[in-house]
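Enquirer: For reference, this is entry_24.cif, and it has mmCIF, C-alpha atoms.
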```
data_input
#
loop_
_atom_site.label_atom_id
_atom_site.label_comp_id
_atom_site.auth_asym_id
_atom_site.auth_seq_id
_atom_site.Cartn_x
_atom_site.Cartn_y
_atom_site.Cartn_z
CA MET U 147 89.39 141.50 96.94
CA GLU U 148 87.57 142.43 100.12
CA LEU U 149 88.32 142.04 103.77
CA SER U 150 85.97 142.02 106.73
CA ALA U 151 85.71 145.04 108.98
CA TYR U 152 87.62 143.23 111.70
CA ALA U 153 90.48 142.44 109.32
CA GLN U 154 90.52 145.97 107.99
CA GLY U 155 90.79 147.22 111.55
CA GLY U 156 93.80 145.01 112.11
CA TRP U 157 95.46 146.29 108.95
CA ARG U 158 94.95 149.88 109.99
CA LEU U 159 96.89 149.08 113.14
CA LEU U 160 99.55 147.37 111.07
CA GLY U 161 99.87 150.46 108.94
CA ASP U 162 100.25 152.73 111.95
CA PRO U 163 103.91 153.51 112.66
CA ARG U 164 103.04 154.23 116.29
CA CYS U 165 101.96 150.60 116.77
CA PHE U 166 104.37 148.83 114.45
CA SER U 167 107.81 149.97 113.45
CA ARG U 168 109.04 148.88 110.00
CA ARG U 169 110.90 146.00 111.57
CA SER U 170 108.09 144.68 113.70
CA TYR U 171 105.69 145.01 110.74
CA VAL U 172 107.89 142.76 108.61
CA SER U 173 108.38 140.37 111.53
CA LEU U 174 104.68 140.02 112.02
CA LEU U 175 104.09 139.41 108.32
CA ARG U 176 106.75 136.72 108.23
CA ALA U 177 105.36 135.12 111.36
CA ALA U 178 101.88 135.10 109.83
CA PHE U 179 103.12 133.35 106.69
CA ARG U 180 105.06 130.79 108.69
CA SER U 181 102.18 130.03 110.99
CA LEU U 182 100.01 129.26 107.96
CA LEU U 183 102.50 127.38 105.83
CA ASP U 184 104.85 125.55 108.15
CA GLN U 185 104.07 122.13 109.57
CA PRO U 186 102.42 122.57 112.93
CA HIS U 187 104.28 121.15 115.89
CA ALA U 188 104.13 121.88 119.55
CA GLY U 189 105.99 124.92 120.72
CA ASN U 190 106.35 126.98 117.59
CA SER U 191 104.78 130.24 118.55
CA PHE U 192 106.22 132.53 115.96
CA ILE U 193 104.58 135.58 117.39
CA LEU U 194 105.42 135.14 121.05
CA ASP U 195 109.08 134.26 120.51
CA ASP U 196 109.92 137.05 118.14
CA PRO U 197 112.08 139.68 119.85
CA ASP U 198 110.79 142.46 117.57
CA LEU U 199 107.23 141.86 118.70
CA LYS U 200 107.90 141.59 122.42
CA ASP U 201 106.91 145.10 123.30
CA ILE U 202 103.59 145.16 121.54
CA ASP U 203 100.31 144.63 123.39
CA PRO U 204 99.22 140.99 122.94
CA THR U 205 95.64 141.91 122.03
CA VAL U 206 96.93 144.14 119.27
CA LEU U 207 99.23 141.35 118.10
CA LYS U 208 96.33 138.92 118.03
CA HIS U 209 94.15 141.30 116.05
CA CYS U 210 96.88 142.07 113.55
CA HIS U 211 97.98 138.47 113.12
CA ALA U 212 94.38 137.51 112.33
CA ALA U 213 94.10 140.41 109.89
CA ALA U 214 97.33 139.44 108.13
CA ALA U 215 96.35 135.75 107.93
CA THR U 216 92.92 136.65 106.55
CA CYS U 217 94.44 138.81 103.85
CA ILE U 218 96.99 136.14 102.91
CA LEU U 219 94.36 133.41 102.62
CA GLU U 220 91.91 135.59 100.73
CA ALA U 221 94.59 136.62 98.24
CA GLY U 222 95.62 133.00 97.79
CA LYS U 223 92.07 131.79 97.38
CA GLN U 224 91.24 134.36 94.70
CA ASN U 225 94.65 134.10 93.04
CA ALA U 226 94.75 137.87 93.45
CA ASP U 227 97.23 139.95 91.50
CA ILE U 228 99.41 142.70 92.91
CA SER U 229 97.05 145.52 91.94
CA ALA U 230 94.08 143.90 93.66
CA ILE U 231 96.09 143.40 96.84
CA SER U 232 97.48 146.95 96.69
CA THR U 233 94.03 148.46 96.28
CA CYS U 234 92.75 146.48 99.22
CA LEU U 235 95.61 147.53 101.50
CA GLU U 236 95.47 151.15 100.33
CA ASP U 237 91.91 151.27 101.64
CA CYS U 238 93.36 150.38 105.03
CA LYS U 239 95.65 153.40 104.86
CA LEU U 240 98.90 151.50 104.44
CA ASP U 241 101.77 153.42 102.91
CA LYS U 242 103.40 152.33 99.69
CA GLU U 243 106.45 150.79 101.33
CA ARG U 244 104.44 148.55 103.63
CA ILE U 245 102.23 147.43 100.76
CA GLU U 246 105.33 146.55 98.74
CA GLN U 247 106.76 144.58 101.64
CA PHE U 248 103.58 142.56 101.92
CA CYS U 249 103.53 141.88 98.19
CA THR U 250 107.15 140.72 98.27
CA GLU U 251 106.45 138.28 101.10
CA TYR U 252 103.30 137.14 99.30
CA GLN U 253 105.15 136.43 96.05
CA LYS U 254 107.77 134.43 97.93
CA ASN U 255 105.16 132.21 99.52
CA LYS U 256 102.59 132.12 96.74
CA ASP U 257 103.33 128.61 95.47
CA ALA U 258 103.31 127.01 98.89
CA LEU U 259 100.06 128.81 99.68
CA GLU U 260 98.46 127.51 96.51
CA ILE U 261 99.46 123.96 97.32
CA LEU U 262 98.11 124.28 100.85
CA LEU U 263 94.75 125.65 99.76
CA GLY U 264 94.45 123.14 96.95
CA SER U 265 94.93 120.23 99.30
CA ILE U 266 92.02 121.18 101.54
CA GLY U 267 88.81 119.41 100.71
CA ARG U 268 87.20 116.03 100.38
CA SER U 269 88.00 113.63 97.64
CA PRO U 270 87.69 109.87 97.13
CA LEU U 271 90.50 107.64 98.31
CA HIS U 272 93.58 108.51 96.37
CA ILE U 273 95.72 105.75 94.87
CA THR U 274 99.38 106.36 95.52
CA ASP U 275 101.04 103.13 94.51
CA VAL U 276 100.49 99.54 93.47
CA SER U 277 102.21 96.28 94.41
CA TRP U 278 101.62 92.93 92.87
CA ARG U 279 102.45 89.31 93.47
CA LEU U 280 102.39 86.53 90.93
CA GLU U 281 101.70 83.04 92.17
CA TYR U 282 101.16 79.72 90.51
CA GLN U 283 98.47 77.66 92.14
CA ILE U 284 99.14 73.96 92.29
CA LYS U 285 96.46 72.58 94.53
CA SER U 286 94.11 73.29 97.40
CA ASN U 287 92.54 70.87 99.82
CA GLN U 288 89.37 71.01 97.76
CA LEU U 289 90.87 70.80 94.34
CA HIS U 290 94.10 69.26 93.09
CA LYS U 291 96.08 69.97 89.96
CA THR U 292 94.79 73.46 89.46
CA TYR U 293 97.92 74.80 87.68
CA GLN U 294 96.85 78.37 87.33
CA PRO U 295 98.76 81.60 87.53
CA SER U 296 97.11 84.16 89.76
CA TYR U 297 97.92 87.75 90.58
CA LEU U 298 97.48 89.44 93.90
CA VAL U 299 97.28 93.20 93.49
CA THR U 300 97.44 95.74 96.29
CA LEU U 301 96.55 99.37 95.67
CA ASN U 302 98.03 101.69 98.28
CA VAL U 303 95.52 104.38 99.04
CA GLU U 304 95.50 107.59 101.00
CA SER U 305 92.51 109.30 102.50
CA SER U 306 92.09 113.06 102.32
CA ASP U 307 90.64 113.24 105.83
CA SER U 308 92.51 110.90 108.12
CA GLY U 309 96.00 109.61 107.56
CA SER U 310 95.86 106.00 106.62
CA HIS U 311 93.31 103.67 105.18
CA PRO U 312 93.56 99.93 104.63
CA ASP U 313 94.83 99.17 101.15
CA VAL U 314 92.57 97.81 98.46
CA ARG U 315 93.47 94.20 97.78
CA PHE U 316 92.18 91.83 95.21
CA SER U 317 93.18 88.78 93.24
CA CYS U 318 92.79 88.32 89.53
CA THR U 319 93.62 85.95 86.71
CA MET U 320 95.88 86.91 83.86
CA GLU U 321 92.90 87.73 81.64
CA GLN U 322 91.37 89.92 84.30
CA LEU U 323 94.62 91.77 84.81
CA GLN U 324 94.86 92.29 81.06
CA ASP U 325 91.35 93.73 81.14
CA LEU U 326 92.31 96.03 84.00
CA VAL U 327 95.48 97.25 82.33
CA GLY U 328 93.64 97.70 79.03
CA LYS U 329 91.07 99.94 80.67
CA LEU U 330 93.73 101.98 82.46
CA LYS U 331 95.54 102.46 79.18
CA ASP U 332 92.31 103.71 77.58
CA ALA U 333 92.03 106.25 80.37
CA ALA U 334 95.63 107.34 79.84
CA LYS U 335 95.10 107.72 76.10
CA SER U 336 92.00 109.84 76.69
CA LEU U 337 93.97 111.96 79.10
CA GLU U 338 96.67 112.51 76.51
CA ARG U 339 94.13 113.48 73.88
CA ALA U 340 92.44 115.87 76.30
CA THR U 341 95.69 117.63 77.11
CA GLN U 342 96.39 118.15 73.44
CA MET U 343 93.13 119.95 72.79
CA LYS O 242 59.27 54.30 92.20
CA PHE O 243 62.45 52.31 92.78
CA ASN O 244 60.82 50.23 95.46
CA VAL O 245 63.81 50.39 97.80
CA GLY O 246 64.25 51.97 101.21
CA VAL O 247 65.02 55.67 101.75
CA ASP O 248 68.32 54.77 103.35
CA THR O 249 69.46 52.81 100.33
CA ILE O 250 68.69 55.73 98.06
CA GLN O 251 70.51 58.11 100.36
CA HIS O 252 73.59 55.90 100.51
CA GLY O 253 73.47 55.48 96.78
CA VAL O 254 73.37 59.21 96.18
CA GLU O 255 76.13 59.87 98.71
CA GLY O 256 78.30 57.18 97.20
CA LEU O 257 77.85 58.53 93.72
CA THR O 258 78.53 62.07 94.87
CA TYR O 259 81.69 61.01 96.64
CA LEU O 260 82.89 59.08 93.60
CA LEU O 261 82.35 62.00 91.27
CA THR O 262 83.73 64.76 93.49
CA GLU O 263 86.84 62.82 94.49
CA SER O 264 87.56 61.86 90.91
CA SER O 265 87.05 65.43 89.74
CA LYS O 266 89.12 66.85 92.57
CA LEU O 267 92.06 64.62 91.76
CA MET O 268 91.49 64.98 88.05
CA ILE O 269 92.16 61.32 87.52
CA SER O 270 92.56 59.92 84.04
CA GLU O 271 90.00 57.72 82.31
CA THR O 272 92.11 54.63 82.88
CA ASP O 273 92.50 55.34 86.57
CA PHE O 274 88.78 55.95 86.93
CA GLN O 275 87.93 52.69 85.19
CA ASP O 276 90.41 50.81 87.36
CA SER O 277 88.96 52.36 90.49
CA ILE O 278 85.36 51.39 89.80
CA HIS O 279 86.28 47.96 88.50
CA VAL O 280 86.61 46.74 92.11
CA LEU O 281 82.94 47.49 92.65
CA GLY O 282 82.05 44.64 90.35
CA PHE O 283 79.45 46.39 88.24
CA SER O 284 78.51 45.39 84.73
CA ASP O 285 80.47 46.81 81.79
CA GLU O 286 77.50 48.85 80.72
CA LEU O 287 77.24 50.45 84.16
CA ASN O 288 80.98 51.16 84.23
CA LYS O 289 80.77 52.88 80.87
CA LEU O 290 77.85 54.95 82.10
CA LEU O 291 79.73 56.00 85.21
CA LEU O 292 82.79 56.95 83.17
CA GLN O 293 80.68 59.07 80.85
CA LEU O 294 79.01 60.74 83.83
CA TYR O 295 82.41 61.55 85.24
CA LEU O 296 83.78 63.01 82.00
CA ASP O 297 80.65 65.03 81.26
CA ASN O 298 80.48 66.66 84.67
CA ARG O 299 84.11 66.90 85.62
CA LYS O 300 84.62 70.48 84.46
CA GLU O 301 81.59 71.81 86.28
CA ILE O 302 82.35 69.93 89.47
CA ARG O 303 85.89 71.28 89.42
CA SER O 304 84.73 74.84 89.00
CA ILE O 305 82.35 74.45 91.94
CA LEU O 306 85.13 72.95 94.07
CA GLY O 307 87.32 75.83 93.02
CA GLU O 308 84.92 78.23 94.71
CA LEU O 309 85.54 76.57 98.05
CA SER O 310 89.19 77.44 98.43
CA PRO O 311 90.22 80.47 100.52
CA LYS O 312 89.90 83.60 98.52
CA LEU O 313 90.43 87.28 98.47
CA PRO O 314 88.02 89.58 96.76
CA SER O 315 88.56 89.17 93.07
CA TYR O 316 88.54 91.66 90.27
CA HIS O 317 85.37 91.91 88.29
CA SER O 318 85.57 95.09 86.26
CA LEU O 319 86.55 98.72 86.27
CA GLU O 320 85.01 101.96 85.07
CA TRP O 321 86.92 105.20 84.73
CA ARG O 322 86.24 108.86 84.25
CA LEU O 323 88.40 111.91 83.61
CA ASP O 324 87.76 114.99 85.71
CA VAL O 325 89.33 118.38 85.95
CA GLN O 326 88.85 120.22 89.21
CA LEU O 327 88.31 123.89 88.48
CA ALA O 328 87.68 125.33 91.92
CA SER O 329 87.01 124.44 95.52
CA ARG O 330 85.82 126.34 98.54
CA SER O 331 89.39 127.08 99.58
CA LEU O 332 90.95 127.72 96.17
CA ARG O 333 89.51 129.25 93.02
CA GLN O 334 90.93 129.09 89.52
CA GLN O 335 92.39 125.60 89.59
CA ILE O 336 93.20 123.18 86.82
CA LYS O 337 93.65 119.85 88.53
CA PRO O 338 93.19 116.76 86.35
CA ALA O 339 92.17 113.55 88.05
CA VAL O 340 91.11 110.08 87.01
CA THR O 341 88.19 108.66 88.96
CA ILE O 342 87.90 104.89 88.98
CA LYS O 343 85.10 102.59 90.07
CA LEU O 344 86.52 99.20 90.92
CA HIS O 345 84.06 96.30 91.00
CA LEU O 346 85.11 93.35 93.11
CA HIS O 347 83.43 90.05 93.87
CA GLN O 348 83.79 88.04 97.01
CA ASN O 349 81.73 84.92 97.59
CA GLU O 350 78.53 86.29 96.15
CA ASP O 351 79.05 89.81 97.56
CA GLN O 352 79.76 92.47 95.01
CA THR O 353 81.44 95.66 96.09
CA ALA O 354 82.19 98.78 94.15
CA GLN O 355 84.83 101.17 95.38
CA VAL O 356 85.38 104.67 94.11
CA LEU O 357 89.04 105.64 93.91
CA GLN O 358 90.91 108.53 92.41
CA THR O 359 94.36 109.09 91.07
CA ASP O 360 96.37 111.72 89.24
CA PRO O 361 97.78 111.38 85.72
CA SER O 362 101.36 110.57 86.71
CA THR O 363 100.32 107.87 89.19
CA LEU O 364 98.06 106.41 86.49
CA LEU O 365 101.04 106.02 84.14
CA HIS O 366 103.04 104.49 86.99
CA LEU O 367 100.24 101.98 87.70
CA ILE O 368 100.09 100.98 84.05
CA GLN O 369 103.84 100.50 83.88
CA GLN O 370 103.94 98.38 87.04
CA LEU O 371 101.03 96.17 86.03
CA GLU O 372 102.40 95.65 82.54
CA GLN O 373 105.59 94.42 84.14
CA ALA O 374 103.48 92.04 86.20
CA LEU O 375 101.80 90.68 83.09
CA GLY O 376 105.16 90.22 81.41
CA GLU O 377 106.44 88.00 84.20
CA MET O 378 104.56 84.91 83.09
CA LYS O 379 106.40 85.03 79.81
CA THR O 380 109.87 85.02 81.32
CA ASN O 381 112.06 81.92 81.08
CA HIS O 382 111.93 81.41 84.82
CA CYS O 383 108.15 81.17 84.93
CA ARG O 384 107.91 79.11 81.77
CA ARG O 385 110.36 76.58 83.18
CA ILE O 386 108.42 76.22 86.40
CA VAL O 387 105.10 75.82 84.60
CA ARG O 388 106.62 73.16 82.35
CA ASN O 389 108.08 71.22 85.24
CA MET O 390 104.98 71.34 87.39
CA LYS O 391 102.77 69.63 84.89
#
```
Show me this structure written as structure tokens.
Expert:
Amino acid sequence: MELSAYAQGGWRLLGDPRCFSRRSYVSLLRAAFRSLLDQPHAGNSFILDDPDLKDIDPTVLKHCHAAAATCILEAGKQNADISAISTCLEDCKLDKERIEQFCTEYQKNKDALEILLGSIGRSPLHITDVSWRLEYQIKSNQLHKTYQPSYLVTLNVESSDSGSHPDVRFSCTMEQLQDLVGKLKDAAKSLERATQM
Amino acid sequence: KFNVGVDTIQHGVEGLTYLLTESSKLMISETDFQDSIHVLGFSDELNKLLLQLYLDNRKEIRSILGELSPKLPSYHSLEWRLDVQLASRSLRQQIKPAVTIKLHLHQNEDQTAQVLQTDPSTLLHLIQQLEQALGEMKTNHCRRIVRNMK
């Protein structure tokens, strides 16, 4: 696992006890994780509000926060193990205790990080749910005595980019719905077979 | 060829069309049809011919009329594919199964195909929900209504 020169510079500052005491080091790490993983909303500036970080020069804070975030994301992206992370931070002259503290925080947040990174990216519209309506047609102004059951199916979809997207709606006869369900069941059976391999 | 005016032909065609479409739309019985055209005073042979014309073309006329009613896009077919996402720009070493579906719909001559995706658990949920939908027509409630409507 490799970090850019800028990030390495930030980590060297983080490792320096003259810039960051043990407490402020941990505070900054925690703030970095929260800023990446928590839902963004106005007014949560984890760095600026933290009492342990008040006395540190803002430019240094900015540099170190960026360095920490870069390391967190890189580790998450590569699914890095503890030894890879340790080696990387050792190169930045961090002592063993600070490395261990980072690894502890990383382990705590690993799952959430994985979910976050996995959700970034484009994909086709994602089906989240289905609703259906069964109706029995009796007549229309063009045609009387139709006497046909008809289904109205709505697929609720979500877009990966923007929030909402109009649902996919269509009507179908009973035979068509049977065809649809049959094909979906084929897909499910294939999926089951694939997972057993 | 018929040696009559254009207008007469036109009226004749319109009259015949009206007779056939109305009869088909209402799905009237043979007896009712015969009674209806009786008032026109045609020969028996002509009446029989008209009746046969009606019965032969009724189904097709009804399906054409059926196209005229308000409609939503209707299901045509579906293709599916199983994928497993292994990596993306932001995350390596993934195992993310997905089902990609191409849904073909028809609406008044237009054909659309939409690509959608879902995950395995939602797929099973969809199947369960739609099977319930199919089962509804077989319930006593629906059967009773169908019986009583006819």
Enquirer: Using the chain letters and numbers from this file, what does the PyMOL selection byres ((chain U and resi 231) around 9) select? Give the answer as a count of residues only.
Expert: 15
Enquirer: Would you be able to write out as a list in words which residues have an atom within 10 Å of (83.8, 68.5, 90.2) in the file's coordinates, counting only C-alpha atoms?
Expert: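 Neighbouring residues, ordered by chain and number, come to Gln288 and Leu289 of chain U; Thr258, Leu261, Thr262, Glu263, Ser264, Ser265, Lys266, Leu267, Met268, Tyr295, Leu296, Asn298, Arg299, Lys300, Glu301, Ile302, Arg303, Ser304, Ile305, Leu306 and Gly307 of chain O.
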Enquirer: So, counting all atoms listed in the file, which residue among O:Gln335, O:Asn288, O:Gln352, O:Thr272 is closest to chain U?
Expert: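 Ranked by minimum distance to chain U, first place goes to O:Gln335.
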Enquirer: With a distance cut-off of 10 Å and all atoms listed in the file, select the neighbouring residues of O:Leu367, excluding the residue or stretch itself and same-chain residues fewer than 5 positions from it, and output the selection as a list in words.
Expert: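 The filter keeps Ile273, Thr274, Asp275, Val276, Ser277, Leu301, Val327, Leu330 and Lys331 of chain U; Thr359, Pro361, Ser362, Glu372 and Gln373 of chain O.
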Enquirer: Would you mind listing what lies within 10 Å of U:Leu160 as a list in words, with all atoms listed in the file counted and same-chain residues fewer than 4 positions away left out?
Expert: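 Near neighbours after the sequence-gap exclusion: Gln154, Gly155, Gly156, Arg164, Cys165, Phe166, Ser167, Arg168, Ser170, Tyr171, Val172, Leu174, Leu175, Val206, Leu207, His209, Cys210, His211, Ala213, Ala214, Cys238, Lys239, Leu240 and Arg244 of chain U.
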Enquirer: Just to confirm, what's the straight-line distance from atom CA of U:Lys291 to atom CA of U:Leu326 in Å (one decimal)?
Expert: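 Atom CA of U:Lys291 sits 27.0 Å away from atom CA of U:Leu326.
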Enquirer: Considering all atoms listed in the file, extract the chain U residues located within 6 Å of chain O and return them as number ranges by chain.
Expert: U: 223-224, 263-264, 270-273, 288-290, 316-318
Enquirer: Could you check which residues have any atom within 10 Å of (110.3, 135.9, 105.3), counting only C-alpha atoms with coordinates taken straight from the file, and then list them as number ranges by chain?
Expert: U: 172-180, 250-252, 254-255
Enquirer: Choose the residue, out of U:Gln342, U:Gln253, U:Thr292, U:Thr216, that has the smallest atom-to-atom separation from U:Ala153; count all atoms listed in the file.
Expert: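 Counting all atoms listed in the file, the residue closest to U:Ala153 is U:Thr216.
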Enquirer: Could you check the closest approach to U:Leu280 for each of O:Lys379, O:Val247, O:Leu290, O:Asn389 and tell me which residue wins, using all atoms listed in the file?
Expert: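 Checking each of O:Lys379, O:Val247, O:Leu290, O:Asn389 against U:Leu280, counting all atoms listed in the file, the winner is O:Lys379.
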Enquirer: Nearest to U:Leu323 among O:Asn349, O:Gly376, O:Ser284, O:Gln251, with distances taken over all atoms listed in the file: which residue is it?
Expert: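 Among O:Asn349, O:Gly376, O:Ser284, O:Gln251, it is O:Gly376 that comes nearest to U:Leu323.
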Enquirer: Expand the PyMOL selection byres ((chain O and resi 278) around 10) into the explicit residue set it covers here, and present it as a PDB file with C-alpha atoms, in the frame of the given file.
Expert:
```pdb
ATOM      1  CA  LEU O 260      82.890  59.080  93.600  1.00  0.00           C
ATOM      2  CA  ASP O 273      92.500  55.340  86.570  1.00  0.00           C
ATOM      3  CA  PHE O 274      88.780  55.950  86.930  1.00  0.00           C
ATOM      4  CA  GLN O 275      87.930  52.690  85.190  1.00  0.00           C
ATOM      5  CA  ASP O 276      90.410  50.810  87.360  1.00  0.00           C
ATOM      6  CA  SER O 277      88.960  52.360  90.490  1.00  0.00           C
ATOM      7  CA  HIS O 279      86.280  47.960  88.500  1.00  0.00           C
ATOM      8  CA  VAL O 280      86.610  46.740  92.110  1.00  0.00           C
ATOM      9  CA  LEU O 281      82.940  47.490  92.650  1.00  0.00           C
ATOM     10  CA  GLY O 282      82.050  44.640  90.350  1.00  0.00           C
ATOM     11  CA  PHE O 283      79.450  46.390  88.240  1.00  0.00           C
ATOM     12  CA  LEU O 287      77.240  50.450  84.160  1.00  0.00           C
ATOM     13  CA  ASN O 288      80.980  51.160  84.230  1.00  0.00           C
ATOM     14  CA  LEU O 291      79.730  56.000  85.210  1.00  0.00           C
ATOM     15  CA  LEU O 292      82.790  56.950  83.170  1.00  0.00           C
TER      16      LEU O 292
END
```
Enquirer: What is the distance, in Å and to one decimal place, between atom CA of U:Tyr152 and atom CA of U:Gln185?
Expert: 26.8 Å
